[in-house]
Structures are given as structure tokens and as C-alpha cells.
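A.B. asks: For reference, the file my_file-v5.pdb (PDB, C-alpha atoms) is included below:
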```
ATOM      1  CA  MET A 168       0.000   0.000   0.000
ATOM      2  CA  GLU A 169       1.277   3.472  -0.916
ATOM      3  CA  PHE A 170       2.498   5.496   2.073
ATOM      4  CA  LYS A 171       0.165   8.378   2.847
ATOM      5  CA  ARG A 172       0.613  11.186   5.357
ATOM      6  CA  VAL A 173      -1.326  14.070   6.834
ATOM      7  CA  ASP A 174       0.109  17.568   7.182
ATOM      8  CA  ILE A 175      -1.534  19.182  10.210
ATOM      9  CA  LYS A 176      -1.336  22.955  10.457
ATOM     10  CA  THR A 177      -1.511  23.312  14.233
ATOM     11  CA  GLY A 178      -1.822  27.092  13.970
ATOM     12  CA  TYR A 179       0.043  30.168  12.896
ATOM     13  CA  VAL A 180       1.715  31.663  15.971
ATOM     14  CA  CYS A 181       5.511  31.707  15.609
ATOM     15  CA  ASN A 182       8.576  32.889  17.516
ATOM     16  CA  ASN A 183      10.293  33.887  14.255
ATOM     17  CA  ASN A 184       9.143  36.460  11.708
ATOM     18  CA  CYS A 185      10.829  35.286   8.518
ATOM     19  CA  LEU A 186      10.945  37.722   5.634
ATOM     20  CA  PHE A 187       9.621  34.960   3.332
ATOM     21  CA  CYS A 188       7.058  33.332   5.672
ATOM     22  CA  VAL A 189       4.178  31.889   3.646
ATOM     23  CA  GLN A 190       1.872  31.796   6.682
ATOM     24  CA  ALA A 191       2.342  35.382   7.872
ATOM     25  CA  HIS A 192      -1.077  36.449   6.569
ATOM     26  CA  ASN A 193      -2.679  33.718   8.718
ATOM     27  CA  LYS A 194      -1.142  34.780  12.040
ATOM     28  CA  LYS A 195      -4.343  36.625  12.924
ATOM     29  CA  TYR A 196      -6.081  33.240  13.229
ATOM     30  CA  GLY A 197      -3.815  32.129  16.080
ATOM     31  CA  ASN A 198      -3.418  28.459  16.983
ATOM     32  CA  ARG A 199      -5.911  25.623  16.703
ATOM     33  CA  SER A 200      -7.208  24.105  19.928
ATOM     34  CA  THR A 201      -6.079  20.748  21.290
ATOM     35  CA  THR A 202      -9.559  19.369  20.603
ATOM     36  CA  GLU A 203      -9.426  20.478  16.967
ATOM     37  CA  ILE A 204      -6.041  18.864  16.368
ATOM     38  CA  ILE A 205      -7.107  15.611  18.001
ATOM     39  CA  LYS A 206     -10.078  15.654  15.631
ATOM     40  CA  TYR A 207      -7.648  16.170  12.713
ATOM     41  CA  LEU A 208      -5.565  13.205  13.878
ATOM     42  CA  LYS A 209      -8.573  10.903  14.195
ATOM     43  CA  GLY A 210      -9.886  11.927  10.787
ATOM     44  CA  ALA A 211      -6.537  11.348   9.111
ATOM     45  CA  LYS A 212      -6.083   7.950  10.728
ATOM     46  CA  ASN A 213      -9.562   6.922   9.638
ATOM     47  CA  ASN A 214      -8.600   8.013   6.136
ATOM     48  CA  ASN A 215      -5.636   5.606   6.092
ATOM     49  CA  CYS A 216      -2.804   8.065   6.759
ATOM     50  CA  ALA A 217       0.277   6.275   8.084
ATOM     51  CA  GLY A 218       2.339   9.373   8.822
ATOM     52  CA  VAL A 219       1.697  12.744  10.412
ATOM     53  CA  VAL A 220       3.599  16.011  10.037
ATOM     54  CA  PHE A 221       3.000  18.597  12.748
ATOM     55  CA  THR A 222       3.663  22.079  11.412
ATOM     56  CA  GLY A 223       2.624  25.696  11.894
ATOM     57  CA  GLY A 224       3.428  28.542  12.506
ATOM     58  CA  GLU A 225       5.814  27.093  15.033
ATOM     59  CA  VAL A 226       4.610  23.883  16.592
ATOM     60  CA  THR A 227       7.199  23.659  19.388
ATOM     61  CA  ILE A 228       5.837  26.693  21.233
ATOM     62  CA  ARG A 229       2.518  24.926  21.915
ATOM     63  CA  ASN A 230       1.954  23.902  25.528
ATOM     64  CA  ASP A 231       0.065  20.779  24.438
ATOM     65  CA  LEU A 232       2.672  19.462  21.990
ATOM     66  CA  LEU A 233       3.685  16.422  24.027
ATOM     67  CA  GLU A 234       0.020  15.519  24.507
ATOM     68  CA  LEU A 235      -0.600  15.715  20.760
ATOM     69  CA  ILE A 236       2.437  13.602  19.938
ATOM     70  CA  LYS A 237       1.455  10.962  22.480
ATOM     71  CA  TYR A 238      -2.008  10.853  20.966
ATOM     72  CA  ALA A 239      -0.566  10.401  17.469
ATOM     73  CA  LYS A 240       1.542   7.548  18.798
ATOM     74  CA  LYS A 241      -1.522   6.038  20.472
ATOM     75  CA  LEU A 242      -3.249   6.090  17.081
ATOM     76  CA  LYS A 243      -0.221   4.151  15.743
ATOM     77  CA  PHE A 244       1.027   6.610  13.139
ATOM     78  CA  LYS A 245       4.255   5.063  11.850
ATOM     79  CA  ARG A 246       6.039   8.358  11.166
ATOM     80  CA  ILE A 247       5.599  11.347  13.417
ATOM     81  CA  GLN A 248       7.475  14.372  12.096
ATOM     82  CA  LEU A 249       7.951  17.869  13.486
ATOM     83  CA  GLN A 250       8.520  20.692  11.011
ATOM     84  CA  THR A 251      10.076  23.415  13.119
ATOM     85  CA  ASN A 252      12.495  26.304  13.305
ATOM     86  CA  ALA A 253      13.960  24.132  16.087
ATOM     87  CA  ARG A 254      15.033  27.033  18.274
ATOM     88  CA  ILE A 255      13.443  25.541  21.393
ATOM     89  CA  LEU A 256      15.080  22.203  20.599
ATOM     90  CA  SER A 257      18.358  23.791  21.611
ATOM     91  CA  SER A 258      17.245  22.241  24.920
ATOM     92  CA  LYS A 259      18.422  18.638  24.781
ATOM     93  CA  LYS A 260      16.041  17.753  27.602
ATOM     94  CA  LEU A 261      13.072  18.824  25.470
ATOM     95  CA  CYS A 262      14.415  16.796  22.535
ATOM     96  CA  GLU A 263      14.482  13.746  24.774
ATOM     97  CA  LYS A 264      10.894  14.359  25.896
ATOM     98  CA  LEU A 265       9.686  14.680  22.316
ATOM     99  CA  ILE A 266      11.430  11.475  21.286
ATOM    100  CA  ALA A 267       9.991   9.618  24.274
ATOM    101  CA  ALA A 268       6.522  10.903  23.354
ATOM    102  CA  GLY A 269       6.842   9.483  19.828
ATOM    103  CA  VAL A 270       8.537  11.860  17.381
ATOM    104  CA  ASN A 271      10.778   9.888  15.011
ATOM    105  CA  GLU A 272      11.559  12.519  12.341
ATOM    106  CA  PHE A 273      12.685  16.095  12.829
ATOM    107  CA  SER A 274      12.640  18.713  10.073
ATOM    108  CA  PRO A 275      14.521  21.819  11.259
ATOM    109  CA  ALA A 276      14.603  24.908   9.058
ATOM    110  CA  LEU A 277      17.975  26.568   8.478
ATOM    111  CA  HIS A 278      18.253  29.297   5.860
ATOM    112  CA  GLY A 279      21.820  30.538   6.090
ATOM    113  CA  HIS A 280      25.309  29.196   6.673
ATOM    114  CA  THR A 281      26.145  31.971   9.147
ATOM    115  CA  ALA A 282      24.355  33.599  12.058
ATOM    116  CA  LYS A 283      24.436  36.949  10.260
ATOM    117  CA  LEU A 284      22.610  35.600   7.207
ATOM    118  CA  HIS A 285      20.141  33.268   8.913
ATOM    119  CA  ASP A 286      19.225  35.756  11.654
ATOM    120  CA  SER A 287      18.684  38.523   9.106
ATOM    121  CA  LEU A 288      16.119  36.304   7.358
ATOM    122  CA  THR A 289      14.298  35.121  10.498
ATOM    123  CA  ARG A 290      14.564  38.584  12.073
ATOM    124  CA  VAL A 291      15.489  37.009  15.416
ATOM    125  CA  LYS A 292      18.993  37.487  16.758
ATOM    126  CA  GLY A 293      20.439  34.225  18.053
ATOM    127  CA  SER A 294      18.102  31.991  16.044
ATOM    128  CA  PHE A 295      20.947  30.479  13.995
ATOM    129  CA  ASN A 296      22.882  29.366  17.069
ATOM    130  CA  GLN A 297      19.748  27.882  18.611
ATOM    131  CA  THR A 298      18.808  25.920  15.482
ATOM    132  CA  VAL A 299      22.353  24.620  14.967
ATOM    133  CA  LYS A 300      22.476  23.538  18.621
ATOM    134  CA  ALA A 301      19.152  21.761  18.117
ATOM    135  CA  ILE A 302      20.510  19.841  15.127
ATOM    136  CA  LYS A 303      23.562  18.832  17.144
ATOM    137  CA  ASN A 304      21.311  17.653  19.980
ATOM    138  CA  LEU A 305      19.217  15.551  17.610
ATOM    139  CA  ARG A 306      22.344  14.089  16.008
ATOM    140  CA  GLU A 307      23.652  13.066  19.450
ATOM    141  CA  LEU A 308      20.289  11.417  20.100
ATOM    142  CA  ASN A 309      20.496   9.481  16.800
ATOM    143  CA  GLN A 310      17.393  11.029  15.291
ATOM    144  CA  TYR A 311      16.449  11.233  11.613
ATOM    145  CA  ILE A 312      17.068  14.846  10.579
ATOM    146  CA  LEU A 313      15.794  16.308   7.303
ATOM    147  CA  THR A 314      16.400  20.022   7.021
ATOM    148  CA  ASN A 315      14.585  22.552   4.864
ATOM    149  CA  SER A 316      16.062  25.781   3.520
ATOM    150  CA  VAL A 317      14.075  28.357   1.577
ATOM    151  CA  VAL A 318      15.936  29.685  -1.457
ATOM    152  CA  VAL A 319      15.767  33.501  -1.496
ATOM    153  CA  LYS A 320      17.727  36.340  -3.046
ATOM    154  CA  PRO A 321      19.991  36.952  -0.011
ATOM    155  CA  ASN A 322      21.042  33.293   0.413
ATOM    156  CA  TYR A 323      21.085  31.549  -2.971
ATOM    157  CA  LYS A 324      24.758  32.240  -3.675
ATOM    158  CA  TYR A 325      25.652  30.616  -0.347
ATOM    159  CA  LEU A 326      23.764  27.339  -0.790
ATOM    160  CA  PRO A 327      27.011  25.371  -1.331
ATOM    161  CA  GLU A 328      28.329  26.732   1.976
ATOM    162  CA  LEU A 329      25.036  25.779   3.622
ATOM    163  CA  ALA A 330      25.321  22.274   2.163
ATOM    164  CA  ASN A 331      28.830  22.000   3.624
ATOM    165  CA  LEU A 332      27.410  22.965   7.011
ATOM    166  CA  PHE A 333      24.794  20.210   6.709
ATOM    167  CA  VAL A 334      27.571  17.720   5.957
ATOM    168  CA  LYS A 335      29.432  18.906   9.035
ATOM    169  CA  LEU A 336      26.274  18.592  11.150
ATOM    170  CA  LYS A 337      25.686  15.081   9.741
ATOM    171  CA  VAL A 338      22.047  15.561   8.793
ATOM    172  CA  ASN A 339      20.320  12.672   7.018
ATOM    173  CA  GLN A 340      18.699  14.796   4.329
ATOM    174  CA  PHE A 341      18.484  18.401   3.205
ATOM    175  CA  GLN A 342      16.149  20.212   0.861
ATOM    176  CA  PHE A 343      16.412  23.540  -0.930
ATOM    177  CA  ALA A 344      12.882  24.900  -1.433
ATOM    178  CA  PHE A 345      12.418  27.736  -3.891
ATOM    179  CA  MET A 346      10.463  30.582  -2.322
ATOM    180  CA  HIS A 347       6.669  30.608  -2.626
ATOM    181  CA  ALA A 348       5.556  34.240  -2.922
ATOM    182  CA  ILE A 349       2.620  34.397  -0.521
ATOM    183  CA  GLY A 350       2.415  35.929   2.966
ATOM    184  CA  ASN A 351       5.560  37.856   3.872
ATOM    185  CA  ALA A 352       7.198  36.497   0.729
ATOM    186  CA  ARG A 353       4.642  38.349  -1.388
ATOM    187  CA  ASP A 354       5.038  41.536   0.630
ATOM    188  CA  ASN A 355       8.834  41.342   0.274
ATOM    189  CA  PHE A 356       8.859  39.997  -3.290
ATOM    190  CA  ASP A 357      11.460  42.310  -4.802
ATOM    191  CA  GLU A 358      13.792  41.942  -1.821
ATOM    192  CA  MET A 359      13.443  38.174  -1.493
ATOM    193  CA  MET A 360      12.687  36.639  -4.902
ATOM    194  CA  PRO A 361      15.779  35.506  -6.835
ATOM    195  CA  LYS A 362      15.783  34.867 -10.541
ATOM    196  CA  ILE A 363      15.290  31.121 -10.767
ATOM    197  CA  SER A 364      17.836  30.680 -13.575
ATOM    198  CA  LEU A 365      20.489  32.426 -11.448
ATOM    199  CA  ALA A 366      19.689  30.366  -8.367
ATOM    200  CA  ALA A 367      19.694  27.009 -10.169
ATOM    201  CA  PRO A 368      23.516  26.615 -10.541
ATOM    202  CA  TYR A 369      24.014  27.225  -6.822
ATOM    203  CA  ILE A 370      21.231  24.789  -5.949
ATOM    204  CA  LYS A 371      22.968  22.166  -8.103
ATOM    205  CA  LYS A 372      26.343  22.834  -6.475
ATOM    206  CA  GLY A 373      24.745  22.411  -3.069
ATOM    207  CA  LEU A 374      23.022  19.207  -4.097
ATOM    208  CA  GLN A 375      26.300  17.825  -5.441
ATOM    209  CA  ILE A 376      27.958  18.374  -2.075
ATOM    210  CA  GLY A 377      25.222  16.285  -0.490
ATOM    211  CA  ILE A 378      25.523  13.608  -3.164
ATOM    212  CA  ASP A 379      29.298  13.423  -2.738
ATOM    213  CA  ASN A 380      28.841  12.916   0.995
ATOM    214  CA  ASN A 381      26.084  10.292   0.750
ATOM    215  CA  ILE A 382      23.379  12.611   2.079
ATOM    216  CA  ASN A 383      19.902  12.598   0.562
ATOM    217  CA  ALA A 384      19.503  15.977  -1.129
ATOM    218  CA  MET A 385      16.686  17.439  -3.169
ATOM    219  CA  ALA A 386      15.228  20.628  -4.593
ATOM    220  CA  GLU A 387      11.585  21.589  -4.154
ATOM    221  CA  ALA A 388       9.495  23.785  -6.473
ATOM    222  CA  MET A 389      12.225  23.836  -9.123
ATOM    223  CA  PRO A 390      10.798  22.987 -12.571
ATOM    224  CA  PHE A 391      12.685  20.139 -14.200
ATOM    225  CA  CYS A 392      13.906  22.305 -17.072
ATOM    226  CA  THR A 393      15.882  24.372 -14.550
ATOM    227  CA  MET A 394      17.473  21.247 -13.078
ATOM    228  CA  LYS A 395      19.189  19.660 -16.099
ATOM    229  CA  ARG A 396      21.399  16.727 -15.059
ATOM    230  CA  TYR A 397      19.866  16.914 -11.570
ATOM    231  CA  GLU A 398      16.275  16.076 -12.477
ATOM    232  CA  LYS A 399      16.218  12.997 -10.263
ATOM    233  CA  TYR A 400      16.805  15.233  -7.240
ATOM    234  CA  CYS A 401      13.541  17.125  -7.793
ATOM    235  CA  SER A 402      11.198  16.537  -4.863
ATOM    236  CA  GLU A 403       8.201  15.734  -7.082
ATOM    237  CA  PHE A 404       9.614  12.226  -7.420
ATOM    238  CA  TYR A 405       9.504  11.706  -3.663
ATOM    239  CA  ILE A 406       6.626  13.680  -2.102
ATOM    240  CA  PRO A 407       4.283  11.088  -0.589
ATOM    241  CA  LYS A 408       0.539  11.225  -1.057
ATOM    242  CA  THR A 409      -0.550  13.947   1.362
ATOM    243  CA  GLU A 410      -3.694  15.427   2.802
ATOM    244  CA  VAL A 411      -3.647  18.772   4.590
ATOM    245  CA  ARG A 412      -5.805  19.632   7.591
ATOM    246  CA  SER A 413      -5.854  23.282   8.572
ATOM    247  CA  ILE A 414      -8.064  26.233   9.434
ATOM    248  CA  ASN A 415      -9.331  26.041   5.846
ATOM    249  CA  GLY A 416     -10.666  22.532   6.394
ATOM    250  CA  CYS A 417      -9.444  19.231   4.982
ATOM    251  CA  ASP A 418      -7.700  19.093   1.625
ATOM    252  CA  LEU A 419      -7.781  15.361   0.993
ATOM    253  CA  LYS A 420      -6.144  15.611  -2.437
ATOM    254  CA  HIS A 421      -3.367  18.098  -1.836
ATOM    255  CA  GLU A 422      -1.300  16.992  -4.838
ATOM    256  CA  LYS A 423      -4.236  17.891  -7.113
ATOM    257  CA  THR A 424      -4.725  21.229  -5.335
ATOM    258  CA  ARG A 425      -1.024  22.053  -5.583
ATOM    259  CA  LYS A 426      -0.891  21.289  -9.300
ATOM    260  CA  GLU A 427      -4.156  22.931 -10.320
ATOM    261  CA  ASN A 428      -4.302  25.952  -7.997
ATOM    262  CA  ASN A 429      -0.787  26.740  -6.770
ATOM    263  CA  LYS A 430       1.594  25.868  -9.617
ATOM    264  CA  LEU A 431       1.568  26.965 -13.256
ATOM    265  CA  LYS A 432       2.396  25.162 -16.495
ATOM    266  CA  PHE A 433       2.651  26.629 -20.004
ATOM    267  CA  PRO A 434       1.633  25.389 -23.482
ATOM    268  CA  LYS A 435       5.301  24.766 -24.341
ATOM    269  CA  CYS A 436       5.545  22.357 -21.390
ATOM    270  CA  LYS A 437       3.617  19.800 -23.466
ATOM    271  CA  GLN A 438       6.790  19.298 -25.536
ATOM    272  CA  CYS A 439       8.865  18.426 -22.467
ATOM    273  CA  LYS A 440       9.713  14.856 -21.575
ATOM    274  CA  TYR A 441       9.048  15.676 -17.920
ATOM    275  CA  ASP A 442       5.585  17.132 -18.523
ATOM    276  CA  ASN A 443       3.844  14.266 -16.726
ATOM    277  CA  ILE A 444       5.826  14.657 -13.483
ATOM    278  CA  CYS A 445       6.906  18.320 -13.385
ATOM    279  CA  GLU A 446       4.431  20.653 -11.699
ATOM    280  CA  GLY A 447       5.940  23.913 -12.964
ATOM    281  CA  PRO A 448       6.860  26.873 -10.743
ATOM    282  CA  TRP A 449       4.734  28.438  -8.034
ATOM    283  CA  LYS A 450       2.289  30.523 -10.084
ATOM    284  CA  GLU A 451       3.270  33.832  -8.469
ATOM    285  CA  TYR A 452       6.724  33.655 -10.071
ATOM    286  CA  PRO A 453       5.742  33.669 -13.776
ATOM    287  CA  GLU A 454       2.879  36.059 -13.050
ATOM    288  CA  LYS A 455       5.503  38.650 -12.122
ATOM    289  CA  LYS A 456       8.591  37.498 -14.002
ATOM    290  CA  GLY A 457       7.196  35.724 -17.054
ATOM    291  CA  ASN A 458       7.997  32.223 -18.316
ATOM    292  CA  GLN A 459      10.993  32.777 -20.577
ATOM    293  CA  GLU A 460      13.339  30.944 -18.203
ATOM    294  CA  PHE A 461      11.309  27.752 -18.587
ATOM    295  CA  GLN A 462      12.108  25.880 -21.779
ATOM    296  CA  PRO A 463      11.055  22.298 -22.495
ATOM    297  CA  ILE A 464      13.522  19.445 -22.412
ATOM    298  CA  LEU A 465      12.546  17.791 -25.673
ATOM    299  CA  LYS A 466      11.301  14.212 -25.657
TER     300      LYS A 466
END
```
With the file now loaded, output its structure as C-alpha cells.

C.D. replies:
Amino acid sequence: MEFKRVDIKTGYVCNNNCLFCVQAHNKKYGNRSTTEIIKYLKGAKNNNCAGVVFTGGEVTIRNDLLELIKYAKKLKFKRIQLQTNARILSSKKLCEKLIAAGVNEFSPALHGHTAKLHDSLTRVKGSFNQTVKAIKNLRELNQYILTNSVVVKPNYKYLPELANLFVKLKVNQFQFAFMHAIGNARDNFDEMMPKISLAAPYIKKGLQIGIDNNINAMAEAMPFCTMKRYEKYCSEFYIPKTEVRSINGCDLKHEKTRKENNKLKFPKCKQCKYDNICEGPWKEYPEKKGNQEFQPILK
């Protein structure tokens, strides 16, 4: 049976204020209640989800997090993942509590190879040191660590250096995710949005560092035509079947929603040999910058 997971948006409160945050416009809605999230978990389990991803906002600042994780474990979800800025996980004691409760995958977000760069993007001084300490804690506790880094104008030239840091930190997997221009990312579009054709070579160099060091590495939201020779590292090959449960209700066919509502393809894409798998860029990018950078890889 195909592995299926649920992505639970536990709410939108966060202790960072990233310049590219895609949920910033939802902060006014606050966090979901414990009762609501338990309802999400039950619904997902009844709909044959085997994995759960707790995300936000920032999930680790919830007072009921351990309770929610224990409940997910009670429901026998096989994979229980936290997507987090990981700042609070700089406490090794908290890491241990989360692991004991049932978390078996951690997805920390790190967006720069130095404190100066990362902290300028999160707009919280000290956030880099906290997140790096968290990753070190999780490594010492033998946890599965898959990091996520948003590709933006200020950091794209430093993605190889960031990849080297991930090698040093001994993460299991890292992902470079091209910025989605909603929320703060829309408000800061000109400051944050890199030209995708300029970012691509640095993404590839970063991926190659992971490949050379036997670390799973991938790029997300990068159309295949921008990833020549690295197409097999595009995340579309690996994203499991996912449903999303959030303030907007239950999106039980998120892949369909993502392709039809959030991404954009062009008539010329029909000529491309990757047309059946490639989803195209986030639609906000070509709406502002056009589609000239996207050229089909002929069949």
C-alpha cells in the first residue's frame, strides 16, 4: 500500500518572523485548539494516513505538543514528524521528551550558513545558534534529521556553503525549497525573490555536495527544465501522497490542489519529456517574471 501522510497545520503563531514566511497572513487566526487537532488526527487515521507532520506557525511553542504527539503515537502513526524552526530544541532535555513521546523525524529549518545571514532572514537574533544547537542535539540522540532551507535572493549564492554545514552537522537529508511568494514572501517579493535561472547553478552545487557525501539531497518547487542533469533530485519524485488539515478545512487531495491551484504550467511544457511529473513553478513567479526561463527538455 502506498504510504500516505497528513500535514496538520496546528496554527500560525511563531517565535520567528521570517521575511519569506508563507503563513504570515494567517497569524491573525492564532493556533488551533487541542480538541481540533485531536479531531484532525482521528480523521486522518480513519482516512488511512500512516504518517503525520506537525507544522505551523511554530509547533514547538505549543503547551500541548507532548500531549498531541502521544495521541498520534496512540493512534499508531508510523512516522511522526515535526517541522520546526527548532530554536526551542536547543534544549536537549526537550528533545528527549519529544522522542519519548513518539517523534521519530525532525525537520529543522535553516536558511543561512552563518548567524548573520540566517538571523537577518528570520529577524530574530540568536536563532541560527539555537537551530544549529538543536541539530547537534538531535544528532547526538540518533534522530532522523531532514532540514529545509528556503531559497531567497539573499542566500542563494551561499547554498554550497550551507550544504557543507549540513555535511558537518551530519544531517540525514536536506532540501532547498524555492520561495513561494505568498504571505511575507509576497510583501517582500522584490527583496526576497531571486531569478530562478540564477539560483539554479548554486542549488545544483549544493546538491552535489550532499551527493558526494552520501546525504539525501533534493530541490523543491524547481521545474525540471531548470534542473538539467539533476532532475532525479527534484522533490516531485519523492513527495508522498498527502492530505492537509488546517483552518481552511481538509484538503484530501493536496497533490491535485497544488498542481491545479498553486503551480503553473505553459503550453510549451507539453513538448517536455518531464511534462507528466513536473508541476511547474509556483504561479506567483511567472505572473511577475514571465515564463521565458522555462524551456522544455525535448522528448

A.B. asks: Assuming the chain letters and numbering stay as they are in my file, what does the PyMOL selection byres ((chain A and resi 263) around 12) actually select? List them as a list of chain:residue names.

C.D. replies: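 This file, filtered by the PyMOL selection byres ((chain A and resi 263) around 12), leaves A:Leu233, A:Leu256, A:Ser257, A:Ser258, A:Lys259, A:Lys260, A:Leu261, A:Cys262, A:Lys264, A:Leu265, A:Ile266, A:Ala267, A:Ala268, A:Gly269, A:Val270, A:Asn271, A:Ala301, A:Asn304, A:Leu305, A:Arg306, A:Glu307, A:Leu308, A:Asn309, A:Gln310.
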
A.B. asks: Leaving out segment 320-336 of chain A and any residue of its chain fewer than 4 positions from it, which residues lie within 7 Å of it when counting only C-alpha atoms, given as an MDAnalysis selection string?

C.D. replies: chainID A and resid 279:280 303 358:361 366 369:370 372:373 376:377

A.B. asks: As an exercise, work out the distance from atom CA of Ala282 of chain A to atom CA of Ser364 of chain A in Å and give it to one decimal place.

C.D. replies: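 Going from atom CA of Ala282 of chain A over to atom CA of Ser364 of chain A, I get 26.6 Å.
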
A.B. asks: With the file shown as input, list the residues that the PyMOL selection byres ((chain A and resi 416) around 12) selects, as a PyMOL selection string.

C.D. replies: chain A and resi 174-176+199+203-204+206-207+210+410-415+417-419+421

A.B. asks: Suppose you want the space between atom CA of Tyr400 of chain A and atom CA of Glu427 of chain A; what is it in Å?

C.D. replies: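 That distance, rounded to one decimal, is 22.5 Å.
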
A.B. asks: Env of Glu169 of chain A: 10 Å cut, atoms = all atoms listed in the file, seq-sep filter 3 positions within chain, self excluded. Answer as a list in words.

C.D. replies: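 Counting all atoms listed in the file, the residues come to Arg172, Cys216, Ala217, Pro407 and Lys408 of chain A.
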
A.B. asks: Run the PyMOL selection byres ((chain A and resi 444) around 9) against the file shown and list the residues it catches, as an MDAnalysis selection string.

C.D. replies: chainID A and resid 391 403:404 440:443 445:446

A.B. asks: Quick one: of A:Leu235, A:Ile312, A:Cys392, A:Val219, who's nearest to Asn458 of chain A, counting only C-alpha atoms?

C.D. replies: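 Residue with the minimum atom-to-atom distance to Asn458 of chain A: A:Cys392.
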
A.B. asks: Around the point (9.2, 36.4, 11.5), in the coordinates given by the file, pick out the residues reaching within 12 Å, counting only C-alpha atoms, and return them as a PyMOL selection string.

C.D. replies: chain A and resi 179-192+194+224-225+252+285-292+294+350-352

A.B. asks: Take the selection from the previous step and output its residues with C-alpha atoms, as a short mmCIF file (atom, residue, chain, number, x, y, z; two decimals), keeping the file's coordinate frame.

C.D. replies:
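Resulting contents of selection_37.cif:
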```cif
data_model
loop_
_atom_site.label_atom_id
_atom_site.label_comp_id
_atom_site.auth_asym_id
_atom_site.auth_seq_id
_atom_site.Cartn_x
_atom_site.Cartn_y
_atom_site.Cartn_z
CA TYR A 179 0.04 30.17 12.90
CA VAL A 180 1.72 31.66 15.97
CA CYS A 181 5.51 31.71 15.61
CA ASN A 182 8.58 32.89 17.52
CA ASN A 183 10.29 33.89 14.26
CA ASN A 184 9.14 36.46 11.71
CA CYS A 185 10.83 35.29 8.52
CA LEU A 186 10.94 37.72 5.63
CA PHE A 187 9.62 34.96 3.33
CA CYS A 188 7.06 33.33 5.67
CA VAL A 189 4.18 31.89 3.65
CA GLN A 190 1.87 31.80 6.68
CA ALA A 191 2.34 35.38 7.87
CA HIS A 192 -1.08 36.45 6.57
CA LYS A 194 -1.14 34.78 12.04
CA GLY A 224 3.43 28.54 12.51
CA GLU A 225 5.81 27.09 15.03
CA ASN A 252 12.50 26.30 13.30
CA HIS A 285 20.14 33.27 8.91
CA ASP A 286 19.23 35.76 11.65
CA SER A 287 18.68 38.52 9.11
CA LEU A 288 16.12 36.30 7.36
CA THR A 289 14.30 35.12 10.50
CA ARG A 290 14.56 38.58 12.07
CA VAL A 291 15.49 37.01 15.42
CA LYS A 292 18.99 37.49 16.76
CA SER A 294 18.10 31.99 16.04
CA GLY A 350 2.42 35.93 2.97
CA ASN A 351 5.56 37.86 3.87
CA ALA A 352 7.20 36.50 0.73
#
```

A.B. asks: Pick out the closest residue to Trp449 of chain A from this set: A:Ala388, A:Ile464, A:Cys436, A:Cys401. Count only C-alpha atoms.

C.D. replies: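 The closest residue to Trp449 of chain A is A:Ala388.
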
A.B. asks: Since the input lacks some atoms of segment 189-202 of chain A, please model N, CA, C and O atoms and print them as a compact mmCIF listing (two decimals), keeping the file's coordinate frame.

C.D. replies:
```txt
# COMPACT_ATOMS: atom_id res chain seq x y z
N VAL A 189 5.38 32.06 4.47
CA VAL A 189 4.18 31.89 3.65
C VAL A 189 2.90 31.88 4.49
O VAL A 189 1.80 31.91 3.94
N GLN A 190 3.05 31.83 5.81
CA GLN A 190 1.87 31.80 6.68
C GLN A 190 1.64 33.12 7.41
O GLN A 190 0.72 33.21 8.23
N ALA A 191 2.43 34.13 7.11
CA ALA A 191 2.34 35.38 7.87
C ALA A 191 0.94 35.99 7.84
O ALA A 191 0.46 36.54 8.84
N HIS A 192 0.26 35.86 6.70
CA HIS A 192 -1.08 36.45 6.57
C HIS A 192 -2.12 35.69 7.39
O HIS A 192 -3.25 36.17 7.55
N ASN A 193 -1.75 34.51 7.91
CA ASN A 193 -2.68 33.72 8.72
C ASN A 193 -2.47 33.89 10.22
O ASN A 193 -3.23 33.32 11.01
N LYS A 194 -1.45 34.65 10.61
CA LYS A 194 -1.14 34.78 12.04
C LYS A 194 -2.33 35.28 12.85
O LYS A 194 -2.48 34.94 14.02
N LYS A 195 -3.17 36.07 12.23
CA LYS A 195 -4.34 36.62 12.92
C LYS A 195 -5.30 35.53 13.40
O LYS A 195 -6.11 35.76 14.30
N TYR A 196 -5.19 34.33 12.84
CA TYR A 196 -6.08 33.24 13.23
C TYR A 196 -5.58 32.48 14.46
O TYR A 196 -6.29 31.63 15.00
N GLY A 197 -4.35 32.77 14.88
CA GLY A 197 -3.82 32.13 16.08
C GLY A 197 -3.59 30.65 15.90
O GLY A 197 -3.37 30.16 14.78
N ASN A 198 -3.64 29.90 17.01
CA ASN A 198 -3.42 28.46 16.98
C ASN A 198 -4.73 27.70 17.12
O ASN A 198 -5.68 28.17 17.74
N ARG A 199 -4.76 26.50 16.55
CA ARG A 199 -5.91 25.62 16.70
C ARG A 199 -5.92 25.04 18.11
O ARG A 199 -4.88 24.87 18.74
N SER A 200 -7.09 24.67 18.59
CA SER A 200 -7.21 24.10 19.93
C SER A 200 -6.74 22.65 19.95
O SER A 200 -6.67 21.99 18.91
N THR A 201 -6.46 22.16 21.13
CA THR A 201 -6.08 20.75 21.29
C THR A 201 -7.17 19.84 20.73
O THR A 201 -6.90 18.87 20.03
N THR A 202 -8.41 20.18 21.06
CA THR A 202 -9.56 19.37 20.60
C THR A 202 -9.62 19.30 19.09
O THR A 202 -9.87 18.23 18.51
```
